[in-house]
Amino acid sequence: RAGARATEYEEIVGYHLEQACRYRMELGPTDDAARAIAREAAERLGNAGRRAYARSDAPAAVNLISRAVALLPPDDPLRVDLVPNVRVVQGMGGDMSWADRVLTEAVEAAATTGDRRLAAHALVQRGFLRLFTEAGVTADELLEVAERAIAVFEDLGDDLGLARTWRLVAQAHYLAGRLGACAEASERALEHVRRTGDRFEEREIVEWLTIALFLGPAPAAQAARRCERLLEETADDPVLQVQILGALAFLVALQQRVDQARELIARGRQVMEELGEWIWLFSIHHAFISLWLGDPIEAEREIRPAYDALKKIGEKSHFSTIAYMLSNAVYTQGRYDEAEQLTRECEDAARPNDGHSQIVWRSTRAKVLARRGEFEAAKRLAREAVAFASESDFHLAHADALMDLGEVLKLSGERESPAMAVQEAIHFYELKGNMLAAETARARLEKLA
């Protein structure tokens, strides 16, 4: 009777199907009818879990998806399909042993039956699981898994498998600080996923593509043109439209097209309000623009609700970025103790292999320490941030780290070094096409001179 609103009730319907299946199994041997009920229950619970993941409600996502996979036999591909979609739990300290067990059972079942497709899917999904649960996993390990899986999926003509595997390649390159390669792999993944119609997978791919475009080495004008095409290609998906509008606003702001950036932000906010969903990445874009325009109060106003919401539910996969943005906003307003506390929250939430977060918390805390007169500790942290950035093609983060190093050196009383740091920052801003920040940097350079 719910009609078009039926998806809102999938968790409830899934629960009752789940109970029906359990009762049948208690009353007698599992037959085809019981297995059919179990699979429908798993599909309903899995869909509800995916939506919970999309709204950053990790506890609900884990609960629903772990129940869904428990209803299915080891050789059912749906079990494998569901597991990677709970990666949001990576920073919550939750028990993910059930997910590892599901994937291990799938690999074993595939070995018994000779099912190459199932084995390749399970290995790729286990790569995603390791990426977000094992601090020591390396990009090379993931790329080796992906190389083997690509050969299988190409042989079988499995576009969904290829889409997921190229997304794993993209994530591996991000892990290694290679955002140019991350964007290229994301484009390959997008090409394959559009042949499948898998909307959830497409959203994952586009999200990481936009991140690689605005944080990576692609010049702002070139990246903006790609985002404009993405807008046209995803006109029927409002969630993707919001993400892309935010990225596009970010990129046109870099080019000093501020009025257009504001129009894009307003447009994205309208779509988000119509959706009735908060999309975390959009808040990041808006806050970045506000900080570059010298309005930390607006940046804090935008980012504070996201910070409070994610902190309340204990989510950490996006929280490290949100905490960093807020720390920068309050530092700029002169609230140094609060800024330091936020950098500690960012540090605690960030994975050791999250290069971007490892750069940004060090830079902001270094400035706080310098304000307190702890110059040696401040310079050490600021230089560590620059060193992290220099091993990547995070051009914006590299430039910002150099600007922060310049501020720390100036506060420390050094005379020539601050100008050298700012001059190098201008180089990276110009590489990215960030004329907005480059102009601010030149003004600071003149004052230093």
# chains A, B, ... in the order shown; residues from 1 in each chain; ligands from 1

$ residues_around --residues "region 302-311 of chain A" --least-positions-apart "3" --cutoff "7 Å" --atoms "only C-alpha atoms" --output "PyMOL selection string"
chain A and resi 280+283+287+298-299+314-315+319+322-323+326

$ closest_atom_pairs --of "region 234-332 of chain A" --to "region 359-363 of chain A" --cutoff "12 Å" --atoms "only C-alpha atoms" --output "Markdown table"
| residue | atom | partner | partner_atom | distance |
| --- | --- | --- | --- | --- |
| A:Ser320 | CA | A:Trp361 | CA | 8.9 |
| A:Thr321 | CA | A:Val360 | CA | 8.7 |
| A:Ile322 | CA | A:Trp361 | CA | 11.2 |
| A:Ala323 | CA | A:Trp361 | CA | 9.0 |
| A:Tyr324 | CA | A:Trp361 | CA | 6.2 |
| A:Met325 | CA | A:Val360 | CA | 9.0 |
| A:Leu326 | CA | A:Trp361 | CA | 10.9 |
| A:Ser327 | CA | A:Trp361 | CA | 8.5 |
| A:Asn328 | CA | A:Trp361 | CA | 9.2 |
| A:Tyr331 | CA | A:Ser363 | CA | 11.4 |

$ residues_around --residues "Ala52 (chain A)" --least-positions-apart "5" --cutoff "9 Å" --atoms "only C-alpha atoms" --output "mmCIF file with N, CA, C and O atoms, in the first residue's frame"
data_model
loop_
_atom_site.group_PDB
_atom_site.id
_atom_site.type_symbol
_atom_site.label_atom_id
_atom_site.label_comp_id
_atom_site.auth_asym_id
_atom_site.auth_seq_id
_atom_site.Cartn_x
_atom_site.Cartn_y
_atom_site.Cartn_z
ATOM 1 N N ASN A 47 19.334 -3.352 1.503
ATOM 2 C CA ASN A 47 18.999 -2.044 0.932
ATOM 3 C C ASN A 47 18.858 -0.989 2.021
ATOM 4 O O ASN A 47 19.327 0.146 1.885
ATOM 5 N N ASP A 57 24.967 6.800 9.128
ATOM 6 C CA ASP A 57 24.507 6.148 10.359
ATOM 7 C C ASP A 57 25.132 4.756 10.407
ATOM 8 O O ASP A 57 24.496 3.750 10.093
ATOM 9 N N ALA A 58 26.406 4.717 10.809
ATOM 10 C CA ALA A 58 27.159 3.471 10.767
ATOM 11 C C ALA A 58 26.587 2.373 11.660
ATOM 12 O O ALA A 58 26.519 1.216 11.240
ATOM 13 N N PRO A 59 26.167 2.669 12.901
ATOM 14 C CA PRO A 59 25.627 1.584 13.731
ATOM 15 C C PRO A 59 24.437 0.883 13.079
ATOM 16 O O PRO A 59 24.345 -0.345 13.093
ATOM 17 N N ALA A 60 23.537 1.668 12.489
ATOM 18 C CA ALA A 60 22.381 1.064 11.822
ATOM 19 C C ALA A 60 22.823 0.262 10.604
ATOM 20 O O ALA A 60 22.312 -0.836 10.344
ATOM 21 N N ALA A 61 23.778 0.800 9.847
ATOM 22 C CA ALA A 61 24.253 0.111 8.644
ATOM 23 C C ALA A 61 24.861 -1.245 9.003
ATOM 24 O O ALA A 61 24.567 -2.263 8.371
ATOM 25 N N VAL A 62 25.690 -1.272 10.040
ATOM 26 C CA VAL A 62 26.330 -2.519 10.447
ATOM 27 C C VAL A 62 25.291 -3.525 10.924
ATOM 28 O O VAL A 62 25.327 -4.703 10.567
ATOM 29 N N LEU A 64 22.077 -3.775 10.172
ATOM 30 C CA LEU A 64 21.224 -4.273 9.093
ATOM 31 C C LEU A 64 21.987 -5.194 8.145
ATOM 32 O O LEU A 64 21.498 -6.262 7.757
#

$ residues_around --residues "Ala399 (chain A)" --least-positions-apart "2" --cutoff "10 Å" --atoms "only C-alpha atoms" --output "PyMOL selection string"
chain A and resi 386+389-390+394-397+401-405+421-432+434+437-438+441

$ closest_atom_pairs --of "region 255-291 of chain A" --to "region 238-247 of chain A" --cutoff "10 Å" --atoms "only C-alpha atoms" --output "tab-separated table"
residue	atom	partner	partner_atom	distance
A:Ala261	CA	A:Gly246	CA	8.7
A:Arg262	CA	A:Gly246	CA	9.9
A:Glu263	CA	A:Leu245	CA	9.7
A:Leu264	CA	A:Leu245	CA	5.9
A:Ile265	CA	A:Gly246	CA	6.2
A:Ala266	CA	A:Leu245	CA	9.4
A:Arg267	CA	A:Leu245	CA	7.6
A:Gly268	CA	A:Val242	CA	4.9
A:Arg269	CA	A:Val242	CA	7.4
A:Gln270	CA	A:Val242	CA	9.0
A:Val271	CA	A:Val242	CA	6.6
A:Met272	CA	A:Val242	CA	6.4
A:Glu274	CA	A:Pro238	CA	9.1
A:Leu275	CA	A:Pro238	CA	7.4
A:Glu277	CA	A:Val239	CA	8.6
A:Trp278	CA	A:Val239	CA	9.6
A:Ile279	CA	A:Gln243	CA	7.4
A:Trp280	CA	A:Gln243	CA	8.8
A:Leu281	CA	A:Gln243	CA	6.4
A:Phe282	CA	A:Gly246	CA	5.1
A:Ser283	CA	A:Gly246	CA	8.1
A:Ile284	CA	A:Gly246	CA	8.3
A:His285	CA	A:Gly246	CA	5.5
A:His286	CA	A:Gly246	CA	7.0
A:Ile289	CA	A:Gly246	CA	10.0

$ closest_residue --among "A:Leu190, A:Ala382, A:Ala235, A:Leu131" --to "Val206 (chain A)" --atoms "only C-alpha atoms"
A:Leu190

$ residues_around --residues "Leu45 (chain A)" --least-positions-apart "2" --cutoff "9 Å" --atoms "only C-alpha atoms" --output "list in words"
Glu10, Glu11, Ile12, Val13, Gly14, Tyr15, Glu18, Glu40, Ala41, Ala42, Glu43, Asn47, Ala48, Gly49, Arg50, Leu64, Ile65, Arg67 and Ala68 of chain A
